[in-house]
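Colleague: Structure file final_1.pdb, PDB, C-alpha atoms, is pasted below:
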```pdb
ATOM      1  CA  MET A   5     -67.462-197.394 -97.433
ATOM      2  CA  SER A   6     -66.812-193.642 -97.194
ATOM      3  CA  PRO A   7     -63.313-192.126 -96.665
ATOM      4  CA  HIS A   8     -64.394-191.098 -93.175
ATOM      5  CA  GLN A   9     -65.359-194.650 -92.271
ATOM      6  CA  ARG A  10     -62.085-195.962 -93.683
ATOM      7  CA  ALA A  11     -60.309-193.513 -91.372
ATOM      8  CA  GLY A  12     -62.132-195.041 -88.419
ATOM      9  CA  ASN A  13     -64.648-192.243 -88.040
ATOM     10  CA  PRO A  14     -68.413-192.708 -88.403
ATOM     11  CA  GLY A  15     -70.164-191.140 -91.351
ATOM     12  CA  VAL A  16     -72.553-188.261 -90.571
ATOM     13  CA  SER A  17     -75.863-187.377 -92.219
ATOM     14  CA  VAL A  18     -77.375-183.944 -91.500
ATOM     15  CA  VAL A  19     -81.180-183.716 -91.393
ATOM     16  CA  ILE A  20     -82.949-180.341 -91.662
ATOM     17  CA  PRO A  21     -86.754-180.189 -91.313
ATOM     18  CA  ALA A  22     -88.173-177.128 -93.069
ATOM     19  CA  PHE A  23     -91.481-175.334 -93.432
ATOM     20  CA  ASN A  24     -91.492-171.905 -95.128
ATOM     21  CA  GLU A  25     -87.792-171.328 -94.403
ATOM     22  CA  GLU A  26     -86.778-169.519 -97.592
ATOM     23  CA  ALA A  27     -85.357-166.578 -95.618
ATOM     24  CA  VAL A  28     -82.811-168.581 -93.622
ATOM     25  CA  LEU A  29     -82.261-171.926 -95.334
ATOM     26  CA  ARG A  30     -79.564-170.893 -97.822
ATOM     27  CA  ARG A  31     -77.302-169.666 -95.064
ATOM     28  CA  CYS A  32     -77.878-172.881 -93.137
ATOM     29  CA  LEU A  33     -77.039-175.095 -96.113
ATOM     30  CA  LEU A  34     -73.911-173.155 -97.063
ATOM     31  CA  ALA A  35     -72.580-173.729 -93.566
ATOM     32  CA  VAL A  36     -73.292-177.461 -93.822
ATOM     33  CA  LEU A  37     -71.539-177.576 -97.188
ATOM     34  CA  ASP A  38     -68.554-175.621 -95.865
ATOM     35  CA  GLN A  39     -67.301-178.251 -93.425
ATOM     36  CA  THR A  40     -63.689-179.246 -92.839
ATOM     37  CA  VAL A  41     -64.959-182.837 -92.932
ATOM     38  CA  ALA A  42     -67.837-183.325 -95.355
ATOM     39  CA  ALA A  43     -71.175-184.783 -94.320
ATOM     40  CA  GLU A  44     -72.115-187.983 -96.130
ATOM     41  CA  GLN A  45     -75.675-186.732 -96.639
ATOM     42  CA  ILE A  46     -77.469-183.413 -96.295
ATOM     43  CA  ILE A  47     -81.215-184.008 -96.246
ATOM     44  CA  VAL A  48     -83.748-181.173 -96.316
ATOM     45  CA  VAL A  49     -87.247-182.397 -95.497
ATOM     46  CA  ASP A  50     -89.868-179.990 -96.809
ATOM     47  CA  ASN A  51     -93.218-180.066 -94.993
ATOM     48  CA  GLY A  52     -95.349-178.525 -97.732
ATOM     49  CA  SER A  53     -93.791-175.071 -97.810
ATOM     50  CA  THR A  54     -95.657-172.361 -99.677
ATOM     51  CA  ASP A  55     -92.670-170.032-100.138
ATOM     52  CA  GLY A  56     -89.363-170.574-101.965
ATOM     53  CA  THR A  57     -87.930-173.175 -99.584
ATOM     54  CA  ARG A  58     -87.678-175.885-102.224
ATOM     55  CA  ALA A  59     -86.188-173.456-104.733
ATOM     56  CA  VAL A  60     -83.366-172.613-102.302
ATOM     57  CA  VAL A  61     -82.416-176.295-102.191
ATOM     58  CA  THR A  62     -82.657-176.889-105.931
ATOM     59  CA  GLN A  63     -80.572-173.775-106.647
ATOM     60  CA  LEU A  64     -77.808-175.004-104.359
ATOM     61  CA  GLN A  65     -78.002-178.471-105.895
ATOM     62  CA  ALA A  66     -77.379-176.858-109.286
ATOM     63  CA  GLN A  67     -74.543-174.700-107.941
ATOM     64  CA  HIS A  68     -72.872-177.612-106.101
ATOM     65  CA  PRO A  69     -73.659-180.697-108.193
ATOM     66  CA  LYS A  70     -71.121-182.863-106.336
ATOM     67  CA  ALA A  71     -72.596-182.080-102.917
ATOM     68  CA  PRO A  72     -74.654-184.874-101.287
ATOM     69  CA  LEU A  73     -77.639-182.529-100.939
ATOM     70  CA  THR A  74     -81.086-184.153-101.110
ATOM     71  CA  LEU A  75     -84.580-182.660-100.937
ATOM     72  CA  ILE A  76     -87.444-184.886 -99.837
ATOM     73  CA  GLN A  77     -91.112-184.064 -99.361
ATOM     74  CA  GLN A  78     -93.161-184.907 -96.304
ATOM     75  CA  SER A  79     -96.729-183.862 -96.988
ATOM     76  CA  ALA A  80     -98.654-186.636 -95.269
ATOM     77  CA  GLU A  81     -98.727-184.792 -91.930
ATOM     78  CA  GLN A  82     -98.140-181.215 -90.898
ATOM     79  CA  GLY A  83     -95.703-180.755 -88.049
ATOM     80  CA  LEU A  84     -92.102-180.894 -86.933
ATOM     81  CA  ILE A  85     -92.128-184.417 -85.493
ATOM     82  CA  PRO A  86     -93.336-186.306 -88.611
ATOM     83  CA  THR A  87     -91.043-184.142 -90.726
ATOM     84  CA  ARG A  88     -88.054-184.831 -88.480
ATOM     85  CA  ASN A  89     -88.884-188.534 -88.414
ATOM     86  CA  ALA A  90     -89.024-188.704 -92.212
ATOM     87  CA  GLY A  91     -85.546-187.221 -92.436
ATOM     88  CA  LEU A  92     -84.025-189.449 -89.776
ATOM     89  CA  ASP A  93     -85.627-192.484 -91.414
ATOM     90  CA  ALA A  94     -84.199-191.508 -94.811
ATOM     91  CA  ALA A  95     -80.662-190.941 -93.547
ATOM     92  CA  ASP A  96     -78.310-193.909 -93.774
ATOM     93  CA  ALA A  97     -75.030-192.738 -92.211
ATOM     94  CA  ASP A  98     -73.901-194.174 -88.887
ATOM     95  CA  VAL A  99     -74.650-190.861 -87.136
ATOM     96  CA  LEU A 100     -77.662-188.635 -87.817
ATOM     97  CA  GLY A 101     -77.214-184.919 -87.234
ATOM     98  CA  ARG A 102     -80.397-182.954 -86.602
ATOM     99  CA  ILE A 103     -80.445-179.167 -86.908
ATOM    100  CA  ASP A 104     -82.988-176.453 -87.683
ATOM    101  CA  ALA A 105     -83.310-174.453 -90.887
ATOM    102  CA  ASP A 106     -81.902-171.367 -89.138
ATOM    103  CA  SER A 107     -78.931-173.266 -87.659
ATOM    104  CA  VAL A 108     -75.501-172.188 -88.928
ATOM    105  CA  LEU A 109     -72.877-174.774 -88.085
ATOM    106  CA  ALA A 110     -69.306-173.996 -87.136
ATOM    107  CA  SER A 111     -67.029-175.218 -89.914
ATOM    108  CA  ASP A 112     -65.736-178.166 -87.859
ATOM    109  CA  TRP A 113     -69.163-179.340 -86.644
ATOM    110  CA  VAL A 114     -69.094-182.669 -88.503
ATOM    111  CA  LYS A 115     -65.543-183.270 -87.299
ATOM    112  CA  GLN A 116     -66.589-182.633 -83.694
ATOM    113  CA  VAL A 117     -69.569-184.984 -84.029
ATOM    114  CA  GLN A 118     -67.288-187.702 -85.381
ATOM    115  CA  ARG A 119     -64.944-187.137 -82.472
ATOM    116  CA  ALA A 120     -67.772-187.588 -79.968
ATOM    117  CA  PHE A 121     -69.025-190.807 -81.540
ATOM    118  CA  GLN A 122     -65.652-192.473 -81.312
ATOM    119  CA  ASP A 123     -67.050-193.495 -77.936
ATOM    120  CA  PRO A 124     -68.897-196.714 -78.843
ATOM    121  CA  GLU A 125     -71.195-196.312 -75.827
ATOM    122  CA  LEU A 126     -72.461-192.887 -76.889
ATOM    123  CA  SER A 127     -75.974-192.702 -78.373
ATOM    124  CA  ALA A 128     -76.526-188.935 -78.740
ATOM    125  CA  VAL A 129     -74.685-185.660 -78.292
ATOM    126  CA  THR A 130     -75.560-181.962 -78.126
ATOM    127  CA  GLY A 131     -73.597-178.724 -77.848
ATOM    128  CA  PRO A 132     -73.835-174.975 -77.205
ATOM    129  CA  VAL A 133     -75.410-172.333 -79.421
ATOM    130  CA  PHE A 134     -75.103-168.588 -79.874
ATOM    131  CA  TYR A 135     -77.463-166.065 -81.458
ATOM    132  CA  TYR A 136     -75.825-164.794 -84.630
ATOM    133  CA  ASP A 137     -78.391-162.014 -85.091
ATOM    134  CA  LEU A 138     -77.863-160.454 -81.640
ATOM    135  CA  PRO A 139     -74.926-158.304 -80.502
ATOM    136  CA  MET A 140     -71.878-159.839 -78.802
ATOM    137  CA  PRO A 141     -72.149-163.415 -80.101
ATOM    138  CA  ARG A 142     -68.951-164.451 -78.287
ATOM    139  CA  LEU A 143     -70.471-163.472 -74.956
ATOM    140  CA  GLY A 144     -73.701-165.246 -75.871
ATOM    141  CA  LEU A 145     -71.783-168.420 -76.702
ATOM    142  CA  ALA A 146     -69.876-168.313 -73.409
ATOM    143  CA  ILE A 147     -73.079-167.812 -71.400
ATOM    144  CA  ASP A 148     -74.964-170.539 -73.261
ATOM    145  CA  ASN A 149     -72.101-173.003 -72.883
ATOM    146  CA  ALA A 150     -71.743-172.279 -69.165
ATOM    147  CA  GLY A 151     -75.486-172.749 -68.567
ATOM    148  CA  ARG A 152     -75.805-175.981 -70.533
ATOM    149  CA  HIS A 153     -72.569-177.343 -69.086
ATOM    150  CA  LEU A 154     -73.798-176.683 -65.546
ATOM    151  CA  MET A 155     -77.224-178.154 -66.249
ATOM    152  CA  MET A 156     -75.768-181.315 -67.755
ATOM    153  CA  LYS A 157     -73.410-181.825 -64.802
ATOM    154  CA  ARG A 158     -76.187-181.247 -62.265
ATOM    155  CA  VAL A 159     -79.072-183.241 -63.744
ATOM    156  CA  ALA A 160     -77.859-185.217 -66.763
ATOM    157  CA  ASP A 161     -77.523-188.419 -64.808
ATOM    158  CA  ARG A 162     -81.317-188.351 -64.305
ATOM    159  CA  HIS A 163     -82.671-185.955 -66.927
ATOM    160  CA  PRO A 164     -80.294-185.564 -69.893
ATOM    161  CA  PHE A 165     -81.413-183.332 -72.726
ATOM    162  CA  LEU A 166     -80.698-182.590 -76.361
ATOM    163  CA  TYR A 167     -81.139-179.307 -78.209
ATOM    164  CA  GLY A 168     -82.891-179.751 -81.546
ATOM    165  CA  SER A 169     -80.931-176.988 -83.284
ATOM    166  CA  ASN A 170     -77.635-178.712 -82.483
ATOM    167  CA  MET A 171     -77.710-182.460 -81.891
ATOM    168  CA  ALA A 172     -76.734-185.815 -83.348
ATOM    169  CA  ILE A 173     -77.926-189.344 -82.621
ATOM    170  CA  ARG A 174     -76.485-192.726 -83.542
ATOM    171  CA  ARG A 175     -78.640-194.376 -86.211
ATOM    172  CA  THR A 176     -78.946-197.580 -84.202
ATOM    173  CA  ALA A 177     -80.200-195.566 -81.207
ATOM    174  CA  TRP A 178     -82.806-193.848 -83.385
ATOM    175  CA  GLN A 179     -83.973-197.204 -84.674
ATOM    176  CA  GLN A 180     -84.241-198.456 -81.108
ATOM    177  CA  ILE A 181     -86.564-195.638 -79.957
ATOM    178  CA  ARG A 182     -88.266-194.857 -83.294
ATOM    179  CA  SER A 183     -91.500-196.701 -82.519
ATOM    180  CA  THR A 184     -91.883-195.166 -79.053
ATOM    181  CA  VAL A 185     -91.195-191.452 -79.552
ATOM    182  CA  CYS A 186     -94.270-189.323 -78.942
ATOM    183  CA  ARG A 187     -96.285-188.175 -81.947
ATOM    184  CA  ASP A 188     -97.546-185.077 -80.110
ATOM    185  CA  GLU A 189    -100.564-184.614 -82.385
ATOM    186  CA  HIS A 190    -101.693-181.579 -80.380
ATOM    187  CA  ASP A 191     -98.288-179.866 -80.629
ATOM    188  CA  GLN A 192     -97.764-179.400 -76.896
ATOM    189  CA  MET A 193     -94.243-180.678 -76.272
ATOM    190  CA  HIS A 194     -90.609-179.999 -77.109
ATOM    191  CA  GLU A 195     -89.698-182.773 -79.546
ATOM    192  CA  ASP A 196     -85.990-182.660 -78.671
ATOM    193  CA  ILE A 197     -86.661-183.068 -74.933
ATOM    194  CA  ASP A 198     -89.072-185.899 -75.722
ATOM    195  CA  LEU A 199     -86.359-187.587 -77.781
ATOM    196  CA  SER A 200     -83.907-187.164 -74.891
ATOM    197  CA  LEU A 201     -86.292-188.715 -72.392
ATOM    198  CA  HIS A 202     -86.968-191.701 -74.632
ATOM    199  CA  LEU A 203     -83.236-192.294 -75.012
ATOM    200  CA  ASN A 204     -82.817-192.085 -71.256
ATOM    201  CA  GLU A 205     -85.717-194.491 -70.664
ATOM    202  CA  HIS A 206     -83.867-197.014 -72.855
ATOM    203  CA  GLY A 207     -80.662-196.537 -70.870
ATOM    204  CA  LEU A 208     -78.877-194.889 -73.821
ATOM    205  CA  LYS A 209     -76.038-192.462 -73.177
ATOM    206  CA  ILE A 210     -76.288-188.741 -74.001
ATOM    207  CA  ALA A 211     -73.308-186.381 -73.798
ATOM    208  CA  TYR A 212     -72.608-182.651 -73.991
ATOM    209  CA  LEU A 213     -69.718-181.481 -76.196
ATOM    210  CA  PRO A 214     -68.706-177.809 -75.693
ATOM    211  CA  THR A 215     -66.832-177.715 -79.024
ATOM    212  CA  MET A 216     -69.880-178.767 -81.083
ATOM    213  CA  ILE A 217     -70.968-175.199 -81.842
ATOM    214  CA  THR A 218     -73.946-173.909 -83.803
ATOM    215  CA  GLY A 219     -75.316-170.433 -84.439
ATOM    216  CA  VAL A 220     -79.085-169.937 -84.333
ATOM    217  CA  SER A 221     -81.462-167.058 -84.933
ATOM    218  CA  ALA A 222     -83.112-165.210 -82.048
ATOM    219  CA  ARG A 223     -86.306-164.909 -84.118
ATOM    220  CA  ARG A 224     -88.224-166.717 -81.351
ATOM    221  CA  MET A 225     -88.096-163.393 -79.489
ATOM    222  CA  ASP A 226     -90.300-161.893 -82.201
ATOM    223  CA  ASP A 227     -93.203-164.034 -80.970
ATOM    224  CA  SER A 228     -96.022-162.382 -79.050
ATOM    225  CA  PRO A 229     -95.856-162.714 -75.232
ATOM    226  CA  ALA A 230     -98.694-165.263 -75.310
ATOM    227  CA  CYS A 231     -96.976-167.402 -77.960
ATOM    228  CA  PHE A 232     -93.683-167.236 -76.093
ATOM    229  CA  ARG A 233     -95.336-168.311 -72.827
ATOM    230  CA  TYR A 234     -96.832-171.293 -74.642
ATOM    231  CA  TYR A 235     -93.406-172.146 -76.057
ATOM    232  CA  VAL A 236     -91.841-172.056 -72.578
ATOM    233  CA  SER A 237     -94.658-174.148 -71.098
ATOM    234  CA  ARG A 238     -93.736-176.968 -73.475
ATOM    235  CA  TYR A 239     -90.942-177.926 -71.075
ATOM    236  CA  ARG A 240     -93.398-178.684 -68.275
ATOM    237  CA  ARG A 241     -95.792-180.536 -70.557
ATOM    238  CA  THR A 242     -93.020-182.675 -72.036
ATOM    239  CA  TYR A 243     -91.697-183.852 -68.678
ATOM    240  CA  SER A 244     -95.237-184.342 -67.373
ATOM    241  CA  ALA A 245     -96.078-186.557 -70.351
ATOM    242  CA  HIS A 246     -93.199-188.807 -69.305
ATOM    243  CA  GLN A 247     -94.210-188.584 -65.631
ATOM    244  CA  VAL A 248     -90.768-187.213 -64.816
ATOM    245  CA  THR A 249     -90.184-184.716 -62.024
ATOM    246  CA  SER A 250     -87.261-182.517 -62.975
ATOM    247  CA  PRO A 251     -85.900-179.046 -62.108
ATOM    248  CA  ILE A 252     -85.354-178.326 -65.798
ATOM    249  CA  PRO A 253     -88.860-176.977 -66.640
ATOM    250  CA  LEU A 254     -88.767-174.472 -63.779
ATOM    251  CA  ALA A 255     -85.194-173.425 -64.541
ATOM    252  CA  ALA A 256     -85.986-173.019 -68.244
ATOM    253  CA  THR A 257     -89.120-171.018 -67.467
ATOM    254  CA  ILE A 258     -87.263-168.599 -65.191
ATOM    255  CA  ILE A 259     -84.339-168.133 -67.570
ATOM    256  CA  LEU A 260     -86.336-167.761 -70.777
ATOM    257  CA  ARG A 261     -88.970-165.453 -69.356
ATOM    258  CA  SER A 262     -86.292-163.237 -67.835
ATOM    259  CA  LEU A 263     -84.569-162.979 -71.231
ATOM    260  CA  TYR A 264     -87.664-162.442 -73.362
ATOM    261  CA  TRP A 265     -88.254-158.699 -72.974
ATOM    262  CA  PRO A 266     -84.574-157.599 -72.994
ATOM    263  CA  LEU A 267     -83.845-159.635 -76.116
ATOM    264  CA  LYS A 268     -87.091-158.576 -77.750
ATOM    265  CA  LEU A 269     -86.049-154.950 -77.209
ATOM    266  CA  VAL A 270     -82.635-155.612 -78.734
ATOM    267  CA  ARG A 271     -84.305-157.243 -81.729
ATOM    268  CA  PHE A 272     -86.623-154.264 -82.110
ATOM    269  CA  LEU A 273     -83.797-151.731 -81.930
ATOM    270  CA  ARG A 274     -81.492-153.652 -84.200
ATOM    271  CA  ARG A 275     -84.146-154.999 -86.604
ATOM    272  CA  PRO A 276     -81.884-157.479 -88.433
ATOM    273  CA  PRO A 277     -83.273-158.982 -91.640
ATOM    274  CA  LEU A 278     -84.424-162.587 -91.423
ATOM    275  CA  SER A 279     -82.340-163.457 -94.440
ATOM    276  CA  SER A 280     -78.611-162.803 -94.270
ATOM    277  CA  PRO A 281     -75.784-162.677 -96.793
ATOM    278  CA  PRO A 282     -74.976-166.162 -98.075
ATOM    279  CA  THR A 283     -71.452-166.067 -96.675
ATOM    280  CA  GLY A 284     -72.788-166.987 -93.225
ATOM    281  CA  PRO A 285     -72.796-165.264 -89.854
ATOM    282  CA  PRO A 286     -69.866-163.610 -88.133
ATOM    283  CA  ILE A 287     -69.247-166.856 -86.241
ATOM    284  CA  PRO A 288     -66.914-166.126 -83.326
ATOM    285  CA  LEU A 289     -65.974-169.587 -83.469
ATOM    286  CA  VAL A 290     -63.387-170.110 -81.077
ATOM    287  CA  ALA A 291     -64.705-172.878 -78.887
ATOM    288  CA  PRO A 292     -65.364-171.995 -75.253
ATOM    289  CA  GLN A 293     -62.073-173.481 -74.071
ATOM    290  CA  GLY A 294     -60.065-171.663 -76.740
ATOM    291  CA  HIS A 295     -58.579-173.509 -79.695
ATOM    292  CA  HIS A 296     -56.523-172.796 -82.787
ATOM    293  CA  ARG A 297     -57.364-172.621 -86.447
ATOM    294  CA  ARG A 298     -55.582-173.650 -89.596
ATOM    295  CA  PRO A 299     -56.571-173.569 -93.277
ATOM    296  CA  SER A 300     -57.859-176.713 -94.950
ATOM    297  CA  ALA A 301     -58.922-177.886 -98.357
ATOM    298  CA  ASN A 302     -62.583-177.767 -99.229
ATOM    299  CA  THR A 303     -64.756-180.513-100.647
ATOM    300  CA  HIS A 304     -67.667-178.752-102.390
ATOM    301  CA  GLY A 305     -66.023-175.753-104.086
ATOM    302  CA  ILE A 306     -66.705-173.298-101.240
ATOM    303  CA  ASP A 307     -64.074-170.862-100.015
ATOM    304  CA  ARG A 308     -63.099-172.281 -96.625
ATOM    305  CA  ARG A 309     -61.073-169.960 -94.450
ATOM    306  CA  ARG A 310     -60.675-171.871 -91.227
ATOM    307  CA  GLU A 311     -60.532-175.176 -89.461
ATOM    308  CA  HIS A 312     -60.632-175.597 -85.720
ATOM    309  CA  ARG A 313     -58.373-178.009 -83.938
ATOM    310  CA  HIS A 314     -59.426-179.419 -80.607
ATOM    311  CA  GLY A 315     -57.942-181.610 -77.930
ATOM    312  CA  GLY A 316     -59.056-185.011 -76.812
ATOM    313  CA  ALA A 317     -62.318-185.812 -75.062
ATOM    314  CA  ASP A 318     -62.678-185.994 -71.294
ATOM    315  CA  MET A 319     -65.222-188.768 -70.940
ATOM    316  CA  SER A 320     -66.854-190.201 -67.852
ATOM    317  CA  ARG A 321     -68.982-193.238 -67.257
ATOM    318  CA  ASN A 322     -72.608-192.136 -67.684
ATOM    319  CA  HIS A 323     -74.155-189.015 -69.220
ATOM    320  CA  THR A 324     -71.104-186.904 -69.784
ATOM    321  CA  VAL A 325     -69.578-183.619 -70.714
ATOM    322  CA  LEU A 326     -67.024-184.468 -73.382
TER
END
```
Would you mind writing the structure in this file as structure tokens?
Modeller:
Amino acid sequence: MSPHQRAGNPGVSVVIPAFNEEAVLRRCLLAVLDQTVAAEQIIVVDNGSTDGTRAVVTQLQAQHPKAPLTLIQQSAEQGLIPTRNAGLDAADADVLGRIDADSVLASDWVKQVQRAFQDPELSAVTGPVFYYDLPMPRLGLAIDNAGRHLMMKRVADRHPFLYGSNMAIRRTAWQQIRSTVCRDEHDQMHEDIDLSLHLNEHGLKIAYLPTMITGVSARRMDDSPACFRYYVSRYRRTYSAHQVTSPIPLAATIILRSLYWPLKLVRFLRRPPLSSPPTGPPIPLVAPQGHHRRPSANTHGIDRRREHRHGGADMSRNHTVL
């Protein structure tokens, strides 16, 4: 039994699917290592990368030998879904975090996930994100939180959703839906929305936690217009595959298409490097409601400068905003 479990909190594994993510993975992993409450497992699932992705992991394993950092290979199938599934299957903590290789977690992310899963009825949780490689990340976080918060309050009772860059699922819930999640062999859907819909079809509770904060890259805006349109159309195809009529695909299409050209221009003018210094992004990381920080000890030999303290959860009966 881990110290976190003895304290009454569930253990948390963090799963990171990766394919050719050498440029961003180190920064992601340093943020996972630099948590005020340590993850029980950190699992990078490599999907046959041809760059230095695996070397990034092995270097950090050598630099932090006490860290629970594991690299596994998934070469049987190419694609995010089989790679994600391999990581979730390999994780054995009570709660399975799922982030992307360009995600940079706030330093209290694991603590916030534990807080959410103190609700025994909760099966999955998601939170807001901000773009760390665009100007004004605080403003971006506030806008993202407001939009997701509103969407969850308006439609979560019928169409809850998770965000793959910033989500966690109870291991028992994953085991319950594991055999039914879509394989998406033709790569047409959003795997995180598909996961959300399967949870909802099983009557499992999903919540939104504004203090569960993650930074992500805006590199999606570097896609060509045709590729970006295909990405946006995944919302419609995912809901259609489940025969669900929802306002989310239309809302997502309008919002994302309206943001594409302005953010693409900002990316062009700013031209940030894909890889960033290993100390992590300039995370604003005051949660949207405003909270305080205090120093804390670190667990993996990383210089930790902050810990966020948050109030109690405001929980309602069904799909909730915590």
Colleague: Interatomic distance between CA of Thr249 (chain A) and CA of Arg224 (chain A)?
Modeller: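 Taking CA of Thr249 (chain A) and CA of Arg224 (chain A), their separation equals 26.5 Å.
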Colleague: Name every residue that the PyMOL selection byres ((chain A and resi 95-99) around 12) selects in this structure, writing the answer as an MDAnalysis selection string with chains first and numbers rising.
Modeller: chainID A and resid 5:6 8:9 12:20 43:49 72:76 88:94 100:102 114:115 117:122 124 126:129 171:179
Colleague: Give me the residues near Arg187 (chain A) as a PyMOL selection string, where near means some atom within 9 Å (using all atoms listed in the file) and where sequence neighbours in that chain fewer than 4 positions away do not count.
Modeller: chain A and resi 85-86+191+195
Colleague: If you measure from CA of Glu25 (chain A) to CA of Thr57 (chain A), what distance in Å do you get, rounded to one decimal?
Modeller: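 Pair CA of Glu25 (chain A) / CA of Thr57 (chain A) returns 5.5 Å.
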Colleague: Rounded to one decimal in Å, what is the spacing between CA of Leu201 (chain A) and CA of Gly83 (chain A)?
Modeller: 19.9 Å
Colleague: Kindly indicate which residue among A:Ala222, A:Leu260, A:Leu143, A:Met155 lies nearest to Tyr234 (chain A), using only C-alpha atoms for the distances.
Modeller: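 Of A:Ala222, A:Leu260, A:Leu143, A:Met155, the one nearest Tyr234 (chain A) is A:Leu260, counting only C-alpha atoms.
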Colleague: Enumerate, as a PyMOL selection string, the residues matched when the PyMOL selection byres ((chain A and resi 229) around 12) is run on the file above.
Modeller: chain A and resi 224-228+230-236+260-261+263-265+268
Colleague: Do you know which residues lie at most 12 Å from (-90.5, -196.5, -66.9), with coordinates as in the file and all atoms listed in the file counted, and could you write them as a list in words?
Modeller: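 Every polymer residue passing the test: Leu201, His202, Leu203, Asn204, Glu205, His206, Gly207, Ala245, His246, Gln247 and Val248 of chain A.
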Colleague: Near Tyr243 (chain A), counting all atoms listed in the file, which residues have an atom at most 12 Å away, once you skip same-chain residues fewer than 3 positions from it, shown as a ChimeraX atom specification?
Modeller: /A:163-165,186,192-202,237-240,246-254
Colleague: The PyMOL selection byres ((chain A and resi 79) around 8) on the file shown: which residues, as a PDB file with C-alpha atoms, in the frame of the given file?
Modeller:
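Result file is result14.pdb:
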```pdb
ATOM      1  CA  ASP A  50     -89.868-179.990 -96.809  1.00  0.00           C
ATOM      2  CA  ASN A  51     -93.218-180.066 -94.993  1.00  0.00           C
ATOM      3  CA  GLY A  52     -95.349-178.525 -97.732  1.00  0.00           C
ATOM      4  CA  GLN A  77     -91.112-184.064 -99.361  1.00  0.00           C
ATOM      5  CA  GLN A  78     -93.161-184.907 -96.304  1.00  0.00           C
ATOM      6  CA  ALA A  80     -98.654-186.636 -95.269  1.00  0.00           C
ATOM      7  CA  GLU A  81     -98.727-184.792 -91.930  1.00  0.00           C
ATOM      8  CA  GLN A  82     -98.140-181.215 -90.898  1.00  0.00           C
TER       9      GLN A  82
END
```
Colleague: What's the 10 Å shell around Asp148 (chain A), counting all atoms listed in the file, without same-chain residues fewer than 2 positions away, as a list in words?
Modeller: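 Close residues of Asp148 (chain A): Gly131, Pro132, Val133, Phe134, Tyr135, Arg142, Leu143, Gly144, Leu145, Ala146, Ala150, Gly151, Arg152, His153, Leu154, Pro214 and Pro292 of chain A.
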Colleague: Write to file, as a CSV table (one decimal), keeping the file's coordinate frame, the residues of the selection just made, with C-alpha atoms.
Modeller:
```csv
chain,number,residue,atom,x,y,z
A,131,GLY,CA,-73.6,-178.7,-77.8
A,132,PRO,CA,-73.8,-175.0,-77.2
A,133,VAL,CA,-75.4,-172.3,-79.4
A,134,PHE,CA,-75.1,-168.6,-79.9
A,135,TYR,CA,-77.5,-166.1,-81.5
A,142,ARG,CA,-69.0,-164.5,-78.3
A,143,LEU,CA,-70.5,-163.5,-75.0
A,144,GLY,CA,-73.7,-165.2,-75.9
A,145,LEU,CA,-71.8,-168.4,-76.7
A,146,ALA,CA,-69.9,-168.3,-73.4
A,150,ALA,CA,-71.7,-172.3,-69.2
A,151,GLY,CA,-75.5,-172.7,-68.6
A,152,ARG,CA,-75.8,-176.0,-70.5
A,153,HIS,CA,-72.6,-177.3,-69.1
A,154,LEU,CA,-73.8,-176.7,-65.5
A,214,PRO,CA,-68.7,-177.8,-75.7
A,292,PRO,CA,-65.4,-172.0,-75.3
```
Colleague: Please define a box with edges along x, y and z of the file around all atoms of region 221-238 of chain A given in the file, extend it by 8 Å on each side, and return its centre and edge lengths in Å to one decimal, as lines of an AutoDock Vina configuration file.
Modeller:
```
center_x = -90.1
center_y = -169.4
center_z = -78.0
size_x = 33.2
size_y = 31.1
size_z = 29.8
```
Colleague: Tell me which of A:Pro139, A:Asn149, A:Asp123, A:Ala42 sits closest to Leu273 (chain A), counting only C-alpha atoms.
Modeller: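 Ranked by minimum distance to Leu273 (chain A), first place goes to A:Pro139.
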